[in-house]
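A.B. asks: Here's a structure for you.
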Amino acid sequence: MNFRKHVLGTVCGVMLMSGAAWAQKGETVKIAWIDPLSGPFANIGQNSLKTFQFMAEKLNANNAAGVKFEIVSFDNKQSPQESLTVLKAAIDQGLRYVTQGNGSGSAGALIDAINKHNERNPGNEVVFLNNAAVDPDFTNSKCSFWHFRFDADTSMKMEALTSYMKDEKSVKKVYLINQNYSHGHQVAKFFKEALSRKRPDVQIVGEDLHPIGSVKDFAPYIAKIKASGADSVVTGNWGTDLSLLIKAAKDAGLESMFYTYYGGANGTPSAIGPMMEGKVKFVYVGHSNIPEVFKLEGEYNAKFKDDLSLLTTMHVLPALAGGIAKAKSTDPVKVAFAMENLTVKSFSGDVTIRAADHQLQQPLYIATWKKISDPKKQWNAEGTGFTWVQDKVFEPYVSSTPTSCQMKRPGA
């Protein structure tokens with residue numbers, strides 16, 4: 001099944017309308033992309049931006065709503081305060097849809113600001129399409145009608161990861177190392193909770209929280225891990241904080257298995273390299289060797305000389321197109337209602353936006369860093385000669401977690 005039919009295909013049974021029925025056919029829908037284009041996480045932001053532009057180009061050729069997407073970039077410098085400044089600039093320019101994902105701190109600031117803006121400015125509402133900020137509170141205690149999340153949250157990924165780890169008899173002593181902000185705290189919290197249910201025999205032999213984006217040498221942390229006797233390391237680190245952590249592990253000859261959230265993110269595969277073969281795993285919404293993704297990797301690499309790693313973009317724009325098609329409007333309020341319970345065809349099959357909390361329900365994958373054995377089917381990650389080999393896939397009903405969200409909807 002080709003990409004257009006499979007990823008961009010029929011959404012919730014919505015059929016293309018024709019003629020005068022589509023008042024907005026051919027309309028351009030601008031999306032404010034707010035993430036870092038400078039600072040320590042610039043490479044992650046630049047990769048994300050290119051991926052959104054790539055997906056917009058794909059959907060502009062054919063989508064259920066007949067609209068054109070335009071990505072308008074804003075550099076938030078990985079700062080919640082700067083995120084609010086550029087959000088105001090985007091709203092002043094008339095942009096009604098916002099996407100962001102690198103950092104739950106920035107995402108939380110955007111959710112609060114968008115809630116206030118929409119309350120004060122009826123008729124000029126904004127919808128937030130969260131592509132990667134994974135704080136579970138965003139779809140629980142802080143849930144908002146205006147917020148939709150397309151990545152799996154921290155608790156969902158941990159449910160899948162620990163369901164895999166519970167059957168790994170080699171896991172006996174675990175060290176936790178995470179960035180010192182909400183996501184890092186929650187990785188540790190949810191691991192401890194899941195571990196007590198699934199593998200109470202496993203010991204947590206150490207735990208560290210470090211400043212985000214400012215540690216240049218992780219050797220002291222690796223020395224502590226090595227001294228603890230840990231056979232496994234669990235980390236939610238991303239970007240340079242993961243790349244430098246793994247570099248320090250290589251330099252010290254650490255033999256522990258790394259269980260990561262973001263081992264596949266831009267720049268990290270190059271840091272892992274051949275020395276860590278079989279020693280790094282990740283949990284994510286997909287991987288590059290799923291057939292449809294593998295094909296897109298080739299197209300993306302040919303265009304940008306880079307790897308496509310932010311797979312959540314393959315759900316964000318098709319879901320927005322599906323919501324516009326279902327609502328027969330580009331009005332954010334109507335589209336937001338239409339996106340509730342929306343099902344989109346993707347590389348993982350059907351994925352659905354749960355109406356209760358606006359959290360996408362989707363499969364999660366565990367994969368291990370290994371040398372390529374079949375170049376025709378395995379993506380050469382960042383030209384390293386290595387790839388992510390699938391260990392396990394967890395269907396949505398396994399990785400899904402309950403929600404405490406009490407959604408307040410317009411007009412209720």
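Convention: chains lettered A, B, ... in structure tokens order; per-chain residue numbering from 1; ligands numbered from 1 as shown.
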Show me, as a list in words, the residues that have an atom within 8 Å of region 365-371 of chain A when counting only C-alpha atoms, minus same-chain residues fewer than 4 positions from it.
C.D. replies: Ala160, Leu161, Tyr164, Pro274, Met276, Glu277, Gly278, Lys279, Val280, Lys281, Phe282, Val283, Tyr284, Val285, Gly286, His287, Gly385, Phe386, Thr387, Trp388, Val389, Gln390, Asp391, Lys392, Val393 and Phe394 of chain A
A.B. asks: What lies within 12 Å of Pro122 (chain A) using only C-alpha atoms, ignoring chain neighbours under 2 positions off, as a ChimeraX atom specification?
C.D. replies: /A:114-120,124-126,331-333,410-411
A.B. asks: Could you pull out the residues in region 153-402 of chain A that DSSP calls strand (DSSP E) from the backbone, as a PyMOL selection string?
C.D. replies: chain A and resi 173-179+203-210+232-235+257-260+280-284+343-346+349-353+360-361+364-371+386-394
A.B. asks: Could you pull out the alpha helix (DSSP H) residues of region 291-351 of chain A from DSSP and send them as a PyMOL selection string?
C.D. replies: chain A and resi 291-304+313-327+332-339
A.B. asks: Which polymer residues have any atom within 9 Å of an atom of region 148-150 of chain A, counting only C-alpha atoms, with same-chain residues fewer than 2 positions away left out, as a count of residues only?
C.D. replies: 28
A.B. asks: Would you kindly return, as a ChimeraX atom specification, each protein, DNA or RNA residue with an atom no farther than 9 Å from any atom of region 223-231 of chain A, considering only C-alpha atoms and excluding same-chain residues fewer than 3 positions away?
C.D. replies: /A:170-176,203-207,218-220,249,252,254-258
A.B. asks: Could you write those residues out with C-alpha atoms, as a JSON list (two decimals), in the first residue's frame?
C.D. replies:
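Saved file out.json follows:
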[["chain", "number", "residue", "atom", "x", "y", "z"],
["A", 170, "SER", "CA", 19.37, -9.90, 32.67],
["A", 171, "VAL", "CA", 17.77, -6.81, 34.25],
["A", 172, "LYS", "CA", 18.60, -6.99, 37.96],
["A", 173, "LYS", "CA", 20.15, -3.65, 38.91],
["A", 174, "VAL", "CA", 18.97, -0.37, 37.37],
["A", 175, "TYR", "CA", 20.41, 3.15, 37.49],
["A", 176, "LEU", "CA", 18.15, 6.11, 36.68],
["A", 203, "GLN", "CA", 17.01, -3.11, 42.53],
["A", 204, "ILE", "CA", 17.36, 0.59, 41.80],
["A", 205, "VAL", "CA", 21.03, 1.08, 42.62],
["A", 206, "GLY", "CA", 21.31, 4.79, 41.93],
["A", 207, "GLU", "CA", 19.50, 7.86, 40.67],
["A", 218, "PHE", "CA", 28.99, 13.17, 31.82],
["A", 219, "ALA", "CA", 32.08, 11.24, 32.95],
["A", 220, "PRO", "CA", 31.36, 11.80, 36.67],
["A", 249, "ALA", "CA", 29.68, 5.61, 28.58],
["A", 252, "ALA", "CA", 34.55, 4.59, 30.16],
["A", 254, "LEU", "CA", 30.50, 0.90, 30.52],
["A", 255, "GLU", "CA", 28.82, -2.42, 29.72],
["A", 256, "SER", "CA", 25.31, -1.56, 30.98],
["A", 257, "MET", "CA", 22.29, -1.72, 28.67],
["A", 258, "PHE", "CA", 20.74, 1.69, 27.99]]
A.B. asks: Could you state the separation of CA of Thr85 (chain A) and CA of Ser104 (chain A) in Å, given to one decimal place?
C.D. replies: 16.7 Å
A.B. asks: Please build the interface table for region 136-221 of chain A against region 37-49 of chain A with a cut-off of 10 Å, listing for each qualifying residue the nearest atom pair and the distance in Å to one decimal; count only C-alpha atoms, order rows by chain and increasing number, and write it as a tab-separated table.
C.D. replies:
residue	atom	partner	partner_atom	distance
A:Ile212	CA	A:Pro40	CA	9.6
A:Gly213	CA	A:Pro40	CA	6.1
A:Ser214	CA	A:Pro40	CA	8.0
A.B. asks: In Å, with one decimal, what is the gap from CA of Leu342 (chain A) to CA of Asp151 (chain A)?
C.D. replies: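 Atom-to-atom, CA of Leu342 (chain A) and CA of Asp151 (chain A) are spaced 15.4 Å apart.
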A.B. asks: Grab the CA of Gln186 (chain A) to CA of Glu82 (chain A) distance for me, in Å with one decimal place.
C.D. replies: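 The value is 24.1 Å.
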A.B. asks: Would you list the contacts of Ile71 (chain A) as a PyMOL selection string, taking every protein, DNA or RNA residue within 7 Å and counting only C-alpha atoms, but skipping same-chain residues closer than 4 positions in sequence?
C.D. replies: chain A and resi 30-33+53
A.B. asks: Within 9 Å of Val29 (chain A), counting only C-alpha atoms, which residues show up once you throw out same-chain ones fewer than 2 positions away? Write them as a ChimeraX atom specification, please.
C.D. replies: /A:27,31,67-71,95-97,330
A.B. asks: Kindly export the residues of the current selection with all heavy atoms, as an mmCIF file, in the first residue's frame.
C.D. replies:
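This is the output file selection-v5.cif:
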data_model
loop_
_atom_site.group_PDB
_atom_site.id
_atom_site.type_symbol
_atom_site.label_atom_id
_atom_site.label_comp_id
_atom_site.auth_asym_id
_atom_site.auth_seq_id
_atom_site.Cartn_x
_atom_site.Cartn_y
_atom_site.Cartn_z
ATOM 1 N N GLU A 27 -7.633 26.520 0.273
ATOM 2 C CA GLU A 27 -7.238 27.509 1.283
ATOM 3 C C GLU A 27 -5.897 27.120 1.911
ATOM 4 O O GLU A 27 -5.605 25.942 2.090
ATOM 5 C CB GLU A 27 -8.316 27.568 2.370
ATOM 6 C CG GLU A 27 -8.049 28.577 3.469
ATOM 7 C CD GLU A 27 -9.160 28.604 4.511
ATOM 8 O OE1 GLU A 27 -10.231 28.015 4.259
ATOM 9 O OE2 GLU A 27 -8.943 29.205 5.586
ATOM 10 N N ILE A 31 0.533 27.072 10.026
ATOM 11 C CA ILE A 31 0.786 26.466 11.328
ATOM 12 C C ILE A 31 2.054 27.075 11.911
ATOM 13 O O ILE A 31 3.115 27.044 11.284
ATOM 14 C CB ILE A 31 0.947 24.943 11.210
ATOM 15 C CG1 ILE A 31 -0.328 24.336 10.608
ATOM 16 C CG2 ILE A 31 1.249 24.312 12.565
ATOM 17 C CD1 ILE A 31 -0.150 22.905 10.150
ATOM 18 N N VAL A 67 -6.946 21.363 1.441
ATOM 19 C CA VAL A 67 -6.273 22.597 1.834
ATOM 20 C C VAL A 67 -4.768 22.477 1.616
ATOM 21 O O VAL A 67 -4.245 21.385 1.382
ATOM 22 C CB VAL A 67 -6.549 22.936 3.320
ATOM 23 C CG1 VAL A 67 -8.032 23.151 3.556
ATOM 24 C CG2 VAL A 67 -6.013 21.847 4.240
ATOM 25 N N LYS A 68 -4.088 23.609 1.713
ATOM 26 C CA LYS A 68 -2.640 23.657 1.633
ATOM 27 C C LYS A 68 -2.093 24.043 3.008
ATOM 28 O O LYS A 68 -2.601 24.970 3.637
ATOM 29 C CB LYS A 68 -2.170 24.677 0.590
ATOM 30 C CG LYS A 68 -2.706 24.440 -0.812
ATOM 31 C CD LYS A 68 -2.153 23.174 -1.416
ATOM 32 C CE LYS A 68 -2.648 23.011 -2.862
ATOM 33 N NZ LYS A 68 -2.186 21.734 -3.452
ATOM 34 N N PHE A 69 -1.075 23.334 3.454
ATOM 35 C CA PHE A 69 -0.451 23.651 4.732
ATOM 36 C C PHE A 69 0.834 24.442 4.516
ATOM 37 O O PHE A 69 1.619 24.132 3.629
ATOM 38 C CB PHE A 69 -0.136 22.373 5.514
ATOM 39 C CG PHE A 69 -1.351 21.639 6.000
ATOM 40 C CD1 PHE A 69 -1.645 20.361 5.534
ATOM 41 C CD2 PHE A 69 -2.218 22.228 6.903
ATOM 42 C CE1 PHE A 69 -2.767 19.685 5.968
ATOM 43 C CE2 PHE A 69 -3.347 21.556 7.351
ATOM 44 C CZ PHE A 69 -3.623 20.290 6.887
ATOM 45 N N GLU A 70 1.023 25.458 5.348
ATOM 46 C CA GLU A 70 2.257 26.239 5.343
ATOM 47 C C GLU A 70 2.814 26.276 6.762
ATOM 48 O O GLU A 70 2.102 26.629 7.711
ATOM 49 C CB GLU A 70 2.000 27.663 4.853
ATOM 50 C CG GLU A 70 3.247 28.529 4.814
ATOM 51 C CD GLU A 70 2.969 29.953 4.360
ATOM 52 O OE1 GLU A 70 1.953 30.179 3.660
ATOM 53 O OE2 GLU A 70 3.768 30.853 4.730
ATOM 54 N N ILE A 71 4.073 25.897 6.917
ATOM 55 C CA ILE A 71 4.721 25.889 8.227
ATOM 56 C C ILE A 71 5.485 27.196 8.404
ATOM 57 O O ILE A 71 6.371 27.520 7.612
ATOM 58 C CB ILE A 71 5.686 24.698 8.363
ATOM 59 C CG1 ILE A 71 4.977 23.385 7.985
ATOM 60 C CG2 ILE A 71 6.251 24.628 9.777
ATOM 61 C CD1 ILE A 71 3.768 23.051 8.810
ATOM 62 N N LEU A 95 -2.140 33.458 12.802
ATOM 63 C CA LEU A 95 -2.007 32.002 12.791
ATOM 64 C C LEU A 95 -2.893 31.396 13.882
ATOM 65 O O LEU A 95 -2.867 31.853 15.028
ATOM 66 C CB LEU A 95 -0.547 31.587 12.993
ATOM 67 C CG LEU A 95 0.329 31.631 11.732
ATOM 68 C CD1 LEU A 95 0.526 33.037 11.210
ATOM 69 C CD2 LEU A 95 1.685 30.992 11.995
ATOM 70 N N ARG A 96 -3.645 30.359 13.521
ATOM 71 C CA ARG A 96 -4.641 29.796 14.447
ATOM 72 C C ARG A 96 -4.280 28.383 14.917
ATOM 73 O O ARG A 96 -4.970 27.836 15.777
ATOM 74 C CB ARG A 96 -6.017 29.759 13.749
ATOM 75 C CG ARG A 96 -6.434 31.070 13.095
ATOM 76 C CD ARG A 96 -6.851 32.104 14.108
ATOM 77 N NE ARG A 96 -8.071 31.738 14.775
ATOM 78 C CZ ARG A 96 -9.299 31.928 14.266
ATOM 79 N NH1 ARG A 96 -9.441 32.456 13.049
ATOM 80 N NH2 ARG A 96 -10.362 31.584 14.953
ATOM 81 N N TYR A 97 -3.221 27.829 14.341
ATOM 82 C CA TYR A 97 -2.760 26.500 14.748
ATOM 83 C C TYR A 97 -1.291 26.598 15.134
ATOM 84 O O TYR A 97 -0.500 27.260 14.458
ATOM 85 C CB TYR A 97 -2.952 25.475 13.635
ATOM 86 C CG TYR A 97 -4.412 25.236 13.320
ATOM 87 C CD1 TYR A 97 -5.044 25.913 12.278
ATOM 88 C CD2 TYR A 97 -5.175 24.355 14.089
ATOM 89 C CE1 TYR A 97 -6.385 25.726 12.002
ATOM 90 C CE2 TYR A 97 -6.519 24.154 13.817
ATOM 91 C CZ TYR A 97 -7.117 24.838 12.782
ATOM 92 O OH TYR A 97 -8.456 24.649 12.525
ATOM 93 N N THR A 330 -12.148 25.425 8.350
ATOM 94 C CA THR A 330 -10.819 25.574 8.953
ATOM 95 C C THR A 330 -10.912 26.310 10.283
ATOM 96 O O THR A 330 -9.884 26.617 10.877
ATOM 97 C CB THR A 330 -9.867 26.331 8.004
ATOM 98 O OG1 THR A 330 -10.439 27.599 7.674
ATOM 99 C CG2 THR A 330 -9.603 25.537 6.737
#
A.B. asks: I'd like to know which of A:Ala356, A:Ile324, A:Leu245, A:Ala65 is closest to Met407 (chain A), using only C-alpha atoms.
C.D. replies: A:Ala356
